[in-house]
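As stored in entry.txt (compact mmCIF, C-alpha atoms):
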```
# COMPACT_ATOMS: atom_id res chain seq x y z
CA MET N 24 -59.92 -16.24 -67.67
CA THR N 25 -58.58 -13.80 -70.28
CA GLN N 26 -59.25 -10.90 -67.92
CA PHE N 27 -57.48 -12.73 -65.10
CA LEU N 28 -54.43 -13.33 -67.32
CA GLN N 29 -54.41 -9.69 -68.43
CA PHE N 30 -54.45 -8.69 -64.78
CA PHE N 31 -51.37 -10.88 -64.07
CA PRO N 32 -49.10 -10.52 -67.13
CA GLY N 33 -46.38 -12.65 -65.48
CA ILE N 34 -48.74 -15.65 -65.44
CA GLU N 35 -50.05 -14.75 -68.92
CA SER N 36 -46.48 -15.02 -70.24
CA PHE N 37 -46.40 -18.73 -69.25
CA VAL N 38 -49.38 -19.33 -71.55
CA ALA N 39 -47.82 -17.21 -74.33
CA MET N 40 -44.45 -19.02 -74.36
CA GLY N 41 -45.66 -22.65 -74.48
CA LEU N 42 -45.06 -25.67 -72.26
CA GLY N 43 -41.33 -26.41 -72.84
CA PRO N 44 -39.95 -22.91 -72.20
CA SER N 45 -42.40 -22.48 -69.30
CA LEU N 46 -41.05 -25.57 -67.56
CA VAL N 47 -37.46 -24.35 -68.05
CA ARG N 48 -38.52 -20.98 -66.64
CA ILE N 49 -39.96 -22.62 -63.52
CA ALA N 50 -36.77 -24.71 -63.19
CA LEU N 51 -34.69 -21.52 -63.40
CA ILE N 52 -36.79 -19.83 -60.71
CA PHE N 53 -36.01 -22.78 -58.43
CA LEU N 54 -32.35 -22.74 -59.54
CA GLY N 55 -32.25 -19.12 -58.33
CA PHE N 56 -33.67 -20.18 -54.94
CA ALA N 57 -31.07 -22.98 -54.78
CA LEU N 58 -28.19 -20.57 -55.55
CA VAL N 59 -29.32 -18.17 -52.81
CA TYR N 60 -29.63 -21.06 -50.34
CA LEU N 61 -26.21 -22.52 -51.25
CA GLY N 62 -24.65 -19.05 -50.99
CA TYR N 63 -26.34 -18.47 -47.61
CA LYS N 64 -25.00 -21.81 -46.36
CA ASN N 65 -21.49 -20.88 -47.63
CA ILE N 66 -21.43 -23.98 -49.87
CA LEU N 67 -21.09 -21.63 -52.87
CA GLU N 68 -19.46 -18.17 -52.79
CA PRO N 69 -22.13 -15.96 -51.16
CA LEU N 70 -20.78 -12.67 -52.55
CA LEU N 71 -21.73 -13.77 -56.06
CA MET N 72 -24.33 -16.47 -55.62
CA ILE N 73 -26.83 -14.46 -53.57
CA PRO N 74 -27.19 -11.61 -56.13
CA MET N 75 -26.96 -14.08 -59.03
CA GLY N 76 -29.64 -16.36 -57.56
CA MET N 77 -31.91 -13.37 -56.90
CA GLY N 78 -31.43 -12.23 -60.48
CA VAL N 79 -32.12 -15.69 -61.97
CA SER N 80 -35.32 -16.31 -60.03
CA MET N 81 -36.75 -12.81 -60.33
CA VAL N 82 -35.99 -12.18 -63.99
CA ASN N 83 -37.60 -15.50 -64.93
CA ALA N 84 -40.65 -14.69 -62.83
CA GLY N 85 -41.04 -11.16 -64.17
CA ILE N 86 -41.51 -11.90 -67.88
CA LEU N 87 -44.39 -10.14 -69.63
CA LEU N 88 -45.68 -9.31 -73.10
CA MET N 89 -44.42 -5.83 -73.97
CA PRO N 90 -44.23 -3.69 -77.13
CA SER N 91 -41.19 -4.48 -79.29
CA LEU N 92 -38.46 -1.84 -79.66
CA GLU N 93 -38.62 -2.34 -83.43
CA PRO N 94 -41.41 -0.15 -84.85
CA GLY N 95 -44.36 -2.18 -86.17
CA ALA N 96 -43.11 -5.49 -84.76
CA GLY N 97 -46.04 -5.83 -82.32
CA SER N 98 -45.47 -7.23 -78.84
CA GLU N 99 -42.86 -9.71 -77.60
CA LEU N 100 -41.92 -11.45 -74.38
CA GLY N 101 -39.47 -9.46 -72.31
CA THR N 102 -38.73 -8.07 -68.85
CA MET N 103 -38.34 -4.66 -67.28
CA PHE N 104 -34.78 -5.61 -66.23
CA LEU N 105 -32.66 -5.32 -69.39
CA ASN N 106 -32.55 -6.18 -73.07
CA PRO N 107 -29.18 -7.54 -74.24
CA LEU N 108 -30.28 -7.73 -77.88
CA VAL N 109 -30.44 -4.01 -78.71
CA LYS N 110 -28.17 -3.12 -81.61
CA THR N 111 -28.87 0.29 -83.15
CA ALA N 112 -28.33 3.66 -81.48
CA PRO N 113 -32.07 4.59 -81.40
CA GLU N 114 -32.85 1.20 -79.81
CA HIS N 115 -30.17 1.90 -77.18
CA ILE N 116 -31.74 5.27 -76.35
CA ASP N 117 -35.19 3.65 -76.00
CA ALA N 118 -33.81 0.74 -73.97
CA LEU N 119 -32.03 3.07 -71.52
CA GLN N 120 -35.38 4.66 -70.74
CA ILE N 121 -37.28 1.38 -70.31
CA TYR N 122 -35.05 -1.20 -68.62
CA PHE N 123 -33.69 -0.34 -65.18
CA LEU N 124 -30.46 -2.40 -65.53
CA GLN N 125 -29.77 -1.26 -69.11
CA PRO N 126 -27.40 1.59 -68.12
CA ILE N 127 -25.22 -0.86 -66.13
CA TYR N 128 -25.28 -3.44 -68.92
CA ALA N 129 -24.61 -0.96 -71.74
CA LEU N 130 -21.89 1.00 -69.94
CA SER N 131 -20.07 -1.74 -68.04
CA PHE N 132 -20.68 -5.16 -69.62
CA SER N 133 -20.39 -4.50 -73.35
CA ASN N 134 -16.92 -2.97 -72.93
CA GLY N 135 -15.65 -5.26 -70.13
CA LEU N 136 -15.54 -2.39 -67.58
CA ILE N 137 -17.15 -4.53 -64.87
CA ALA N 138 -14.38 -7.18 -65.18
CA CYS N 139 -11.77 -4.43 -64.95
CA LEU N 140 -13.38 -2.93 -61.83
CA VAL N 141 -13.39 -6.36 -60.15
CA PHE N 142 -9.73 -6.71 -61.11
CA LEU N 143 -8.91 -3.27 -59.66
CA GLY N 144 -10.46 -4.37 -56.37
CA ILE N 145 -8.64 -7.72 -56.43
CA GLY N 146 -5.37 -5.84 -57.05
CA ALA N 147 -6.07 -3.60 -54.06
CA ILE N 148 -6.46 -6.59 -51.71
CA THR N 149 -3.56 -8.60 -53.17
CA ASP N 150 -0.29 -8.63 -51.26
CA LEU N 151 2.55 -9.20 -53.73
CA GLU N 152 5.01 -10.06 -50.93
CA PHE N 153 4.61 -13.84 -51.31
CA PHE N 154 5.06 -13.64 -55.06
CA ILE N 155 8.03 -11.23 -55.13
CA SER N 156 9.74 -13.12 -52.31
CA ASN N 157 9.79 -16.38 -54.33
CA PRO N 158 9.13 -15.39 -57.96
CA ARG N 159 10.71 -18.48 -59.53
CA LEU N 160 8.86 -20.95 -57.34
CA SER N 161 5.58 -19.05 -57.76
CA ILE N 162 5.69 -18.77 -61.55
CA LEU N 163 7.02 -22.29 -62.11
CA LEU N 164 4.13 -23.67 -60.05
CA ALA N 165 1.55 -21.47 -61.81
CA ILE N 166 2.56 -22.49 -65.35
CA PRO N 167 1.53 -26.20 -65.15
CA ALA N 168 -1.68 -25.15 -63.41
CA GLU N 169 -2.79 -23.64 -66.73
CA LEU N 170 -3.09 -27.09 -68.31
CA GLY N 171 -6.87 -26.76 -68.49
CA SER N 172 -6.62 -23.42 -70.35
CA ILE N 173 -4.57 -25.16 -73.01
CA LEU N 174 -6.05 -28.66 -73.41
CA THR N 175 -9.68 -27.48 -73.29
CA PHE N 176 -9.16 -25.40 -76.44
CA PRO N 177 -8.81 -28.34 -78.91
CA ILE N 178 -11.53 -30.28 -77.05
CA ALA N 179 -13.94 -27.33 -77.40
CA LYS N 180 -13.06 -26.99 -81.08
CA ALA N 181 -13.72 -30.72 -81.57
CA MET N 182 -17.13 -30.23 -79.89
CA GLY N 183 -18.13 -27.72 -82.55
CA PHE N 184 -17.26 -24.30 -81.10
CA ASN N 185 -15.50 -21.73 -83.26
CA THR N 186 -11.97 -20.54 -82.46
CA GLY N 187 -13.00 -17.48 -80.41
CA GLU N 188 -15.61 -19.41 -78.43
CA ALA N 189 -13.20 -22.30 -77.78
CA ALA N 190 -10.54 -19.86 -76.51
CA ALA N 191 -13.04 -18.09 -74.21
CA ILE N 192 -14.20 -21.47 -72.82
CA ALA N 193 -10.60 -22.62 -72.31
CA ILE N 194 -9.93 -19.55 -70.13
CA ILE N 195 -12.29 -21.09 -67.52
CA GLY N 196 -9.25 -23.30 -66.74
CA GLY N 197 -7.45 -20.15 -65.55
CA ALA N 198 -10.03 -20.00 -62.73
CA ASP N 199 -10.38 -16.24 -62.80
CA GLY N 200 -13.94 -14.99 -63.19
CA PRO N 201 -13.15 -11.46 -64.45
CA MET N 202 -10.71 -12.93 -66.97
CA VAL N 203 -13.36 -15.33 -68.33
CA LEU N 204 -15.82 -12.43 -68.62
CA PHE N 205 -13.24 -10.28 -70.40
CA ALA N 206 -12.16 -13.07 -72.78
CA SER N 207 -15.72 -14.05 -73.67
CA LEU N 208 -16.67 -10.40 -74.31
CA GLN N 209 -13.64 -10.05 -76.58
CA LEU N 210 -13.83 -13.41 -78.36
CA ALA N 211 -17.34 -14.86 -78.05
CA LYS N 212 -19.83 -12.10 -77.39
CA SER N 213 -22.83 -14.28 -78.29
CA LEU N 214 -21.88 -16.83 -75.62
CA PHE N 215 -20.58 -14.54 -72.89
CA VAL N 216 -23.56 -15.04 -70.59
CA PRO N 217 -23.54 -18.88 -70.46
CA ILE N 218 -19.72 -19.07 -70.42
CA THR N 219 -19.43 -16.59 -67.55
CA ILE N 220 -22.26 -18.13 -65.54
CA VAL N 221 -20.83 -21.65 -65.92
CA ALA N 222 -17.39 -20.30 -64.94
CA TYR N 223 -18.65 -18.50 -61.83
CA ILE N 224 -20.72 -21.46 -60.64
CA TYR N 225 -17.74 -23.81 -61.05
CA LEU N 226 -15.38 -21.33 -59.39
CA SER N 227 -17.77 -21.21 -56.44
CA ILE N 228 -17.50 -24.97 -55.95
CA VAL N 229 -13.69 -25.08 -56.28
CA TYR N 230 -13.38 -24.82 -52.49
CA ALA N 231 -15.49 -27.94 -52.03
CA GLY N 232 -14.29 -29.89 -55.09
CA TYR N 233 -10.50 -29.54 -55.20
CA PRO N 234 -9.86 -31.29 -51.85
CA PHE N 235 -11.15 -34.54 -53.45
CA LEU N 236 -8.70 -34.12 -56.33
CA ILE N 237 -5.87 -33.43 -53.86
CA LYS N 238 -6.68 -36.56 -51.85
CA ALA N 239 -6.77 -38.61 -55.05
CA LEU N 240 -3.41 -37.41 -56.39
CA VAL N 241 -1.20 -36.48 -53.41
CA PRO N 242 -0.23 -39.11 -50.80
CA ARG N 243 -1.21 -38.21 -47.22
CA ARG N 244 2.40 -38.10 -45.94
CA LEU N 245 3.30 -35.41 -48.51
CA ARG N 246 0.25 -33.25 -47.79
CA GLY N 247 1.42 -32.40 -44.28
CA LEU N 248 4.94 -31.28 -45.29
CA PRO N 249 5.79 -28.21 -43.13
CA MET N 250 8.20 -26.40 -45.57
CA ARG N 251 10.39 -25.14 -42.71
CA ASP N 252 13.47 -24.92 -44.94
CA VAL N 253 11.94 -22.53 -47.49
CA LYS N 254 12.82 -18.93 -46.63
CA MET N 255 10.41 -16.00 -47.01
CA ASN N 256 12.29 -12.71 -47.47
CA ASN N 257 10.84 -9.38 -46.45
CA VAL N 258 9.77 -7.26 -49.41
CA SER N 259 9.52 -3.51 -48.98
CA PRO N 260 6.46 -1.53 -50.23
CA GLY N 261 8.83 0.30 -52.60
CA GLU N 262 9.80 -2.99 -54.26
CA LYS N 263 6.16 -3.98 -54.66
CA LEU N 264 5.29 -0.56 -56.10
CA ALA N 265 8.24 -0.72 -58.53
CA PHE N 266 7.14 -4.21 -59.58
CA SER N 267 3.53 -3.05 -60.18
CA VAL N 268 4.57 -0.06 -62.27
CA VAL N 269 7.25 -1.72 -64.39
CA VAL N 270 5.67 -5.16 -64.93
CA GLY N 271 2.24 -3.58 -65.59
CA THR N 272 3.74 -1.24 -68.18
CA LEU N 273 5.74 -4.08 -69.77
CA LEU N 274 2.67 -6.33 -70.09
CA CYS N 275 0.62 -3.46 -71.57
CA LEU N 276 3.40 -2.94 -74.11
CA LEU N 277 3.42 -6.64 -75.04
CA PHE N 278 -0.37 -7.18 -75.06
CA PRO N 279 -2.29 -3.94 -75.73
CA VAL N 280 -5.53 -5.91 -76.27
CA ALA N 281 -5.54 -7.00 -72.62
CA ALA N 282 -4.15 -3.66 -71.36
CA PRO N 283 -7.41 -2.75 -69.51
CA LEU N 284 -7.05 -5.86 -67.31
CA PHE N 285 -3.34 -5.33 -66.63
CA VAL N 286 -3.85 -1.61 -65.93
CA CYS N 287 -6.64 -2.27 -63.44
CA PHE N 288 -4.88 -5.11 -61.60
CA PHE N 289 -1.56 -3.29 -61.25
CA LEU N 290 -3.31 0.01 -60.46
CA GLY N 291 -4.92 -1.86 -57.56
CA THR N 292 -1.60 -3.27 -56.32
CA ALA N 293 0.09 0.13 -56.75
CA ILE N 294 -2.68 1.84 -54.74
CA ARG N 295 -2.22 -0.72 -51.97
CA GLU N 296 1.54 -0.29 -51.83
CA SER N 297 1.56 3.49 -52.18
CA GLY N 298 -0.12 3.69 -48.78
CA VAL N 299 -2.99 5.97 -49.81
CA SER N 300 -5.43 4.39 -47.40
CA ARG N 301 -8.46 6.27 -48.74
CA TYR N 302 -7.93 4.77 -52.22
CA VAL N 303 -7.42 1.29 -50.77
CA LYS N 304 -10.67 1.63 -48.82
CA VAL N 305 -12.64 2.84 -51.84
CA SER N 306 -11.15 0.15 -54.12
CA ASP N 307 -12.06 -2.66 -51.71
CA ASP N 308 -15.23 -1.49 -49.96
CA VAL N 309 -16.85 0.38 -52.83
CA ILE N 310 -15.44 -0.67 -56.21
CA LEU N 311 -14.87 -4.41 -55.61
CA SER N 312 -18.03 -4.92 -53.56
CA GLY N 313 -20.19 -2.83 -55.91
CA ALA N 314 -18.81 -4.41 -59.08
CA THR N 315 -19.20 -7.95 -57.67
CA LEU N 316 -22.78 -7.22 -56.60
CA PHE N 317 -23.81 -5.87 -60.01
CA LEU N 318 -21.80 -8.53 -61.86
CA GLY N 319 -23.63 -11.33 -60.04
CA PHE N 320 -27.05 -9.70 -60.25
CA THR N 321 -26.80 -8.71 -63.93
CA LEU N 322 -25.45 -12.13 -64.92
CA GLY N 323 -28.37 -13.74 -63.08
CA CYS N 324 -30.79 -11.43 -64.88
CA LEU N 325 -29.30 -12.49 -68.23
CA LEU N 326 -29.93 -16.20 -67.56
CA SER N 327 -33.19 -16.73 -69.37
CA ALA N 328 -34.94 -19.91 -70.56
CA ASN N 329 -33.74 -19.56 -74.17
CA ILE N 330 -30.08 -19.49 -73.04
CA VAL N 331 -30.50 -22.65 -70.94
CA MET N 332 -32.37 -24.43 -73.75
CA ASP N 333 -29.49 -23.76 -76.15
CA THR N 334 -27.78 -27.09 -76.97
CA LYS N 335 -24.40 -25.42 -76.36
CA MET N 336 -25.18 -25.07 -72.64
CA LEU N 337 -24.67 -28.77 -71.88
CA LYS N 338 -21.37 -28.74 -73.78
CA LEU N 339 -20.30 -25.67 -71.78
CA ILE N 340 -21.07 -27.43 -68.50
CA ILE N 341 -18.88 -30.39 -69.57
CA LEU N 342 -16.07 -28.16 -70.88
CA GLY N 343 -16.08 -25.91 -67.80
CA PHE N 344 -15.64 -28.95 -65.58
CA THR N 345 -12.93 -30.36 -67.90
CA ALA N 346 -11.00 -27.07 -67.87
CA LEU N 347 -10.93 -26.73 -64.07
CA PHE N 348 -10.26 -30.45 -63.57
CA LEU N 349 -7.28 -30.41 -65.96
CA SER N 350 -5.89 -27.24 -64.37
CA GLY N 351 -6.14 -28.85 -60.94
CA VAL N 352 -4.39 -32.00 -62.17
CA GLY N 353 -1.69 -29.92 -63.91
CA GLY N 354 -1.16 -27.84 -60.78
CA LEU N 355 -0.79 -30.87 -58.53
CA LEU N 356 1.55 -32.62 -60.96
CA GLY N 357 3.64 -29.41 -61.01
CA GLY N 358 3.60 -29.47 -57.20
CA LEU N 359 4.79 -33.09 -57.13
CA VAL N 360 7.62 -32.26 -59.57
CA ALA N 361 8.60 -29.27 -57.38
CA TYR N 362 8.62 -31.61 -54.35
CA LYS N 363 10.96 -34.04 -56.12
CA VAL N 364 13.25 -31.37 -57.62
CA SER N 365 13.59 -29.51 -54.29
CA GLY N 366 14.56 -32.72 -52.51
CA GLY N 367 11.34 -32.84 -50.48
CA ARG N 368 11.39 -29.23 -49.23
CA ILE N 369 8.31 -27.97 -51.08
CA ASN N 370 4.81 -29.13 -50.15
CA PRO N 371 3.18 -30.44 -53.38
CA LEU N 372 -0.13 -28.84 -52.37
CA LEU N 373 1.34 -25.48 -53.42
CA GLY N 374 0.71 -26.67 -56.98
CA ILE N 375 -3.08 -26.43 -56.63
CA ALA N 376 -2.67 -22.79 -55.50
CA GLY N 377 -1.18 -22.03 -58.93
CA VAL N 378 -4.64 -22.52 -60.44
CA SER N 379 -5.34 -18.96 -59.22
CA CYS N 380 -8.91 -18.15 -58.07
CA VAL N 381 -7.39 -15.85 -55.41
CA PRO N 382 -7.40 -16.70 -52.53
CA THR N 383 -9.61 -19.84 -52.65
CA THR N 384 -7.02 -22.31 -53.98
CA ALA N 385 -4.40 -21.11 -51.48
CA LYS N 386 -6.94 -21.68 -48.70
CA VAL N 387 -7.73 -25.16 -50.11
CA ALA N 388 -4.01 -26.08 -50.07
CA HIS N 389 -3.66 -24.79 -46.50
CA LYS N 390 -6.83 -26.56 -45.32
CA CYS N 391 -5.73 -29.91 -46.82
CA ALA N 392 -2.26 -29.60 -45.22
CA GLN N 393 -3.81 -28.80 -41.82
CA GLU N 394 -6.12 -31.80 -42.06
CA VAL N 395 -3.00 -33.99 -41.98
CA ASP N 396 -1.03 -31.94 -39.44
CA PRO N 397 -2.75 -28.99 -37.67
CA THR N 398 0.63 -27.40 -36.85
CA VAL N 399 1.53 -26.92 -40.55
CA PHE N 400 1.04 -23.40 -41.88
CA ILE N 401 1.51 -23.09 -45.65
CA LEU N 402 -1.01 -20.33 -46.49
CA HIS N 403 1.64 -17.62 -46.91
CA TYR N 404 3.69 -19.86 -49.22
CA ALA N 405 0.58 -20.84 -51.22
CA MET N 406 -0.33 -17.18 -51.84
CA GLY N 407 2.78 -16.83 -54.06
CA PRO N 408 1.69 -19.35 -56.75
CA CYS N 409 -1.89 -18.13 -56.31
CA ILE N 410 -0.96 -14.56 -57.30
CA ALA N 411 1.38 -15.87 -60.00
CA GLY N 412 -1.68 -17.77 -61.28
CA VAL N 413 -3.55 -14.47 -61.77
CA ILE N 414 -0.64 -13.04 -63.79
CA THR N 415 -0.28 -16.32 -65.74
CA THR N 416 -3.99 -16.41 -66.61
CA ALA N 417 -3.86 -12.75 -67.67
CA VAL N 418 -0.90 -13.46 -69.96
CA ILE N 419 -2.58 -16.56 -71.48
CA THR N 420 -5.84 -14.61 -71.96
CA ALA N 421 -3.87 -11.85 -73.68
CA CYS N 422 -2.12 -14.42 -75.90
CA TYR N 423 -5.44 -16.03 -76.87
CA VAL N 424 -7.06 -12.67 -77.67
CA THR N 425 -4.03 -11.58 -79.71
CA PHE N 426 -3.46 -14.87 -81.55
CA VAL N 427 -7.15 -15.57 -82.30
CA ARG N 428 -7.54 -12.10 -83.80
CA LEU N 429 -4.51 -12.73 -86.02
CA LEU N 430 -6.04 -15.91 -87.46
CA PRO N 431 -7.71 -15.60 -90.86
CA ALA N 432 -11.53 -15.41 -90.54
CA MET T 18 -8.05 -36.11 -85.90
CA MET T 19 -5.70 -33.92 -87.92
CA LEU T 20 -7.79 -30.89 -86.99
CA PHE T 21 -7.59 -31.82 -83.29
CA VAL T 22 -3.81 -32.10 -83.49
CA LYS T 23 -3.65 -28.77 -85.34
CA ASN T 24 -5.74 -27.08 -82.63
CA LEU T 25 -3.67 -28.73 -79.91
CA PHE T 26 -0.54 -27.40 -81.59
CA PHE T 27 -2.08 -23.91 -81.69
CA ALA T 28 -2.91 -24.12 -77.98
CA PHE T 29 0.60 -25.29 -77.11
CA LYS T 30 2.03 -22.45 -79.19
CA ILE T 31 0.11 -20.05 -76.92
CA TYR T 32 1.34 -21.96 -73.84
CA PHE T 33 4.95 -21.79 -75.03
CA PHE T 34 4.70 -18.08 -75.84
CA SER T 35 3.06 -17.31 -72.48
CA THR T 36 5.73 -19.32 -70.66
CA ILE T 37 8.50 -17.27 -72.27
CA ILE T 38 6.78 -14.02 -71.25
CA LEU T 39 6.28 -15.31 -67.70
CA ILE T 40 9.91 -16.42 -67.39
CA MET T 41 10.89 -12.92 -68.52
CA VAL T 42 8.69 -11.43 -65.79
CA MET T 43 10.13 -13.88 -63.25
CA GLU T 44 13.72 -13.05 -64.12
CA PHE T 45 12.89 -9.36 -64.11
CA VAL T 46 11.61 -9.63 -60.54
CA VAL T 47 14.76 -11.48 -59.49
CA LEU T 48 17.00 -8.85 -61.14
CA MET T 49 14.98 -5.97 -59.72
CA ARG T 50 15.27 -7.34 -56.18
CA ARG T 51 19.01 -7.89 -56.63
CA PHE T 52 19.43 -4.32 -57.93
CA ILE T 53 17.42 -2.79 -55.06
CA ASN T 54 19.29 -4.86 -52.46
CA LEU T 55 22.66 -3.82 -53.98
CA ASN T 56 21.68 -0.17 -53.68
CA LYS T 57 20.61 -0.72 -50.07
CA ARG T 58 24.04 -2.17 -49.28
CA ASP T 59 25.80 0.84 -50.89
```

So, in terms of structure tokens, how does the structure I just supplied come out?
Amino acid sequence: MTQFLQFFPGIESFVAMGLGPSLVRIALIFLGFALVYLGYKNILEPLLMIPMGMGVSMVNAGILLMPSLEPGAGSELGTMFLNPLVKTAPEHIDALQIYFLQPIYALSFSNGLIACLVFLGIGAITDLEFFISNPRLSILLAIPAELGSILTFPIAKAMGFNTGEAAAIAIIGGADGPMVLFASLQLAKSLFVPITIVAYIYLSIVYAGYPFLIKALVPRRLRGLPMRDVKMNNVSPGEKLAFSVVVGTLLCLLFPVAAPLFVCFFLGTAIRESGVSRYVKVSDDVILSGATLFLGFTLGCLLSANIVMDTKMLKLIILGFTALFLSGVGGLLGGLVAYKVSGGRINPLLGIAGVSCVPTTAKVAHKCAQEVDPTVFILHYAMGPCIAGVITTAVITACYVTFVRLLPA
Amino acid sequence: MMLFVKNLFFAFKIYFFSTIILIMVMEFVVLMRRFINLNKRD
């Protein structure tokens, strides 16, 4: 039996780690299968869920007893994927030579580079026309849709999280994956894996979940409002480029701690508007796709049994749901106020688009409007609050990072 | 309870501050468009 176990170290590791963790490990392997299946069926976002599911199932299968990086510490359970616990420089050097994902983790996760690369790609595929054409409407709809980012903070504090962790969890309400990753790396490094995974899984089910919230809060007759009286002005590429350069620079000046995010997003929009097609192609096809692939896969590989067994995980699941639910409610209430104030010209579904999560929430608003009246086309209007939602979440993230750092320890 | 209210106040302070910044951005966009359109007319 011993020889058999030595021959299959993956199975031996089940014996070494005990019954409880082994059962969680098996559950995680099946969770990985489920994520891949749900991604394949387009129920969850396939771009993220397929690599994440592969990472979760395979990293939990491939655990083995291996020599510890600390000299004289004997052997410990680990994988050949990556080791997030290395601290000292010599350990880093050793880890880079052992774990195949360690270079990606060390050079792009610890400093938030991966979030910035995703943001650069998002910038390159974002058309600012909708936002610049109606800036007041867009921003005023995006502000109430941040309700979850605000109200979740005191709830998380009351549930026992410290200030930095509570702020990072609250950012889930902004519905922007890269922003959650960036905020948790800045404010709650010890919890960045569970926070980011919870955020991405919830963001993947926004497309399926928000229509229920819409149907509960917005009467059917308002959902099919055509918005024929709201004008969309043409915006020249020069205007969009000027906006990217000046607003990006202004936000970097105001919030240097979040400058990497602002720089990358507005660099992406500037590349798009400058008309350098080769840069647009590389930002979308290579940078965004590559960063999303490695983000999903590495996050999946970081989801081990000890993270799931942490008592904070259940609280995170509740808080993640609370944050996105409150943001959705806030957005729709903002949309209903806009409908009233405009004298019935603005479709209240535009409010849900302010939650951000480009372009999912805009598509949700459009889909729900078309369910009532197939001739209604509000997608181009909804993209305005959706893009304003990205900028709003970035500003709130920057405020949290700045203010939390100013608080006495 | 007091602590909850204190944290809620802190969160709303961030919300208020962010809103001011966003309104600044919004008004900047409006002014920028007006300026560019004026130049086009000239």

Take every atom of region 25-41 of chain T listed in the file, fit an axis-aligned box around them, add 3 Å per side, and give the centre and edge lengths in Å to one decimal as lines of an AutoDock Vina configuration file.
```
center_x = 3.6
center_y = -20.8
center_z = -74.5
size_x = 20.6
size_y = 21.8
size_z = 20.3
```

Original post:
Given the choices N:Gly407, N:Pro177, N:Gly197, N:Gly291, which gets closest to chain T if the distance is worked out from only C-alpha atoms?
Top reply: N:Pro177

Please report as an mmCIF file with C-alpha atoms, in the frame of the given file which residues of chain N come no farther than 6 Å from chain T, using all atoms listed in the file.
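Full text of result03.cif as output:
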```cif
data_model
loop_
_atom_site.group_PDB
_atom_site.id
_atom_site.type_symbol
_atom_site.label_atom_id
_atom_site.label_comp_id
_atom_site.auth_asym_id
_atom_site.auth_seq_id
_atom_site.Cartn_x
_atom_site.Cartn_y
_atom_site.Cartn_z
ATOM 1 C CA PRO N 158 9.130 -15.390 -57.960
ATOM 2 C CA ARG N 159 10.710 -18.480 -59.530
ATOM 3 C CA ILE N 173 -4.570 -25.160 -73.010
ATOM 4 C CA PRO N 177 -8.810 -28.340 -78.910
ATOM 5 C CA ILE N 419 -2.580 -16.560 -71.480
#
```

Original post:
How many Å separate CA of Ala388 (chain N) from CA of Lys263 (chain N)?
Top reply: 24.8 Å

**OP:** Write out as a count of residues only each polymer residue whose atoms come within 10 Å of His115 (chain N), counting all atoms listed in the file; drop sequence neighbours fewer than 3 positions from it.
**Re:** 15

**OP:** Using all atoms listed in the file, pick whichever of N:Leu28, N:Ile410, N:Ala50, N:Gly313 has the shortest atom-to-atom distance to Leu88 (chain N).
**Re:** N:Leu28

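Distance-wise, CA of Ser267 (chain N) and CA of Thr292 (chain N) end up 6.4 Å apart.
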
**OP:** Find the residue from N:Leu61, N:Ile116, N:Leu236, N:Val418 that sits nearest to Met41 (chain T); use all atoms listed in the file when measuring.
**Re:** N:Val418

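Straight-line separation from CA of Ile375 (chain N) to CA of Val413 (chain N): 13.0 Å.
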
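Residue nearest Ser156 (chain N) within the list N:Ala385, N:Val229, N:Ala411, N:Leu277: N:Ala411 [criterion: smallest interatomic distance, only C-alpha atoms].
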
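Ranking N:Ala39, N:Ile137, N:Ala165, N:Ala361 by their shortest atom-to-atom distance to Glu99 (chain N), with all atoms listed in the file included, puts N:Ala39 first.
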
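Distance annotation: of N:Ala147, N:Ile73, N:Ile166, N:Ile86, the residue with the minimal separation from Val299 (chain N) is N:Ala147; atom set is all atoms listed in the file.
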
**OP:** Would you mind listing what lies within 12 Å of Cys391 (chain N) as JSON, numbers by chain, with all atoms listed in the file counted and same-chain residues fewer than 5 positions away left out?
**Re:** {"N": [230, 231, 232, 233, 234, 235, 236, 237, 238, 241, 242, 243, 244, 245, 246, 247, 248, 370, 371, 372, 373, 375, 376, 384, 385, 386, 396, 397, 399, 400, 401, 402, 405]}
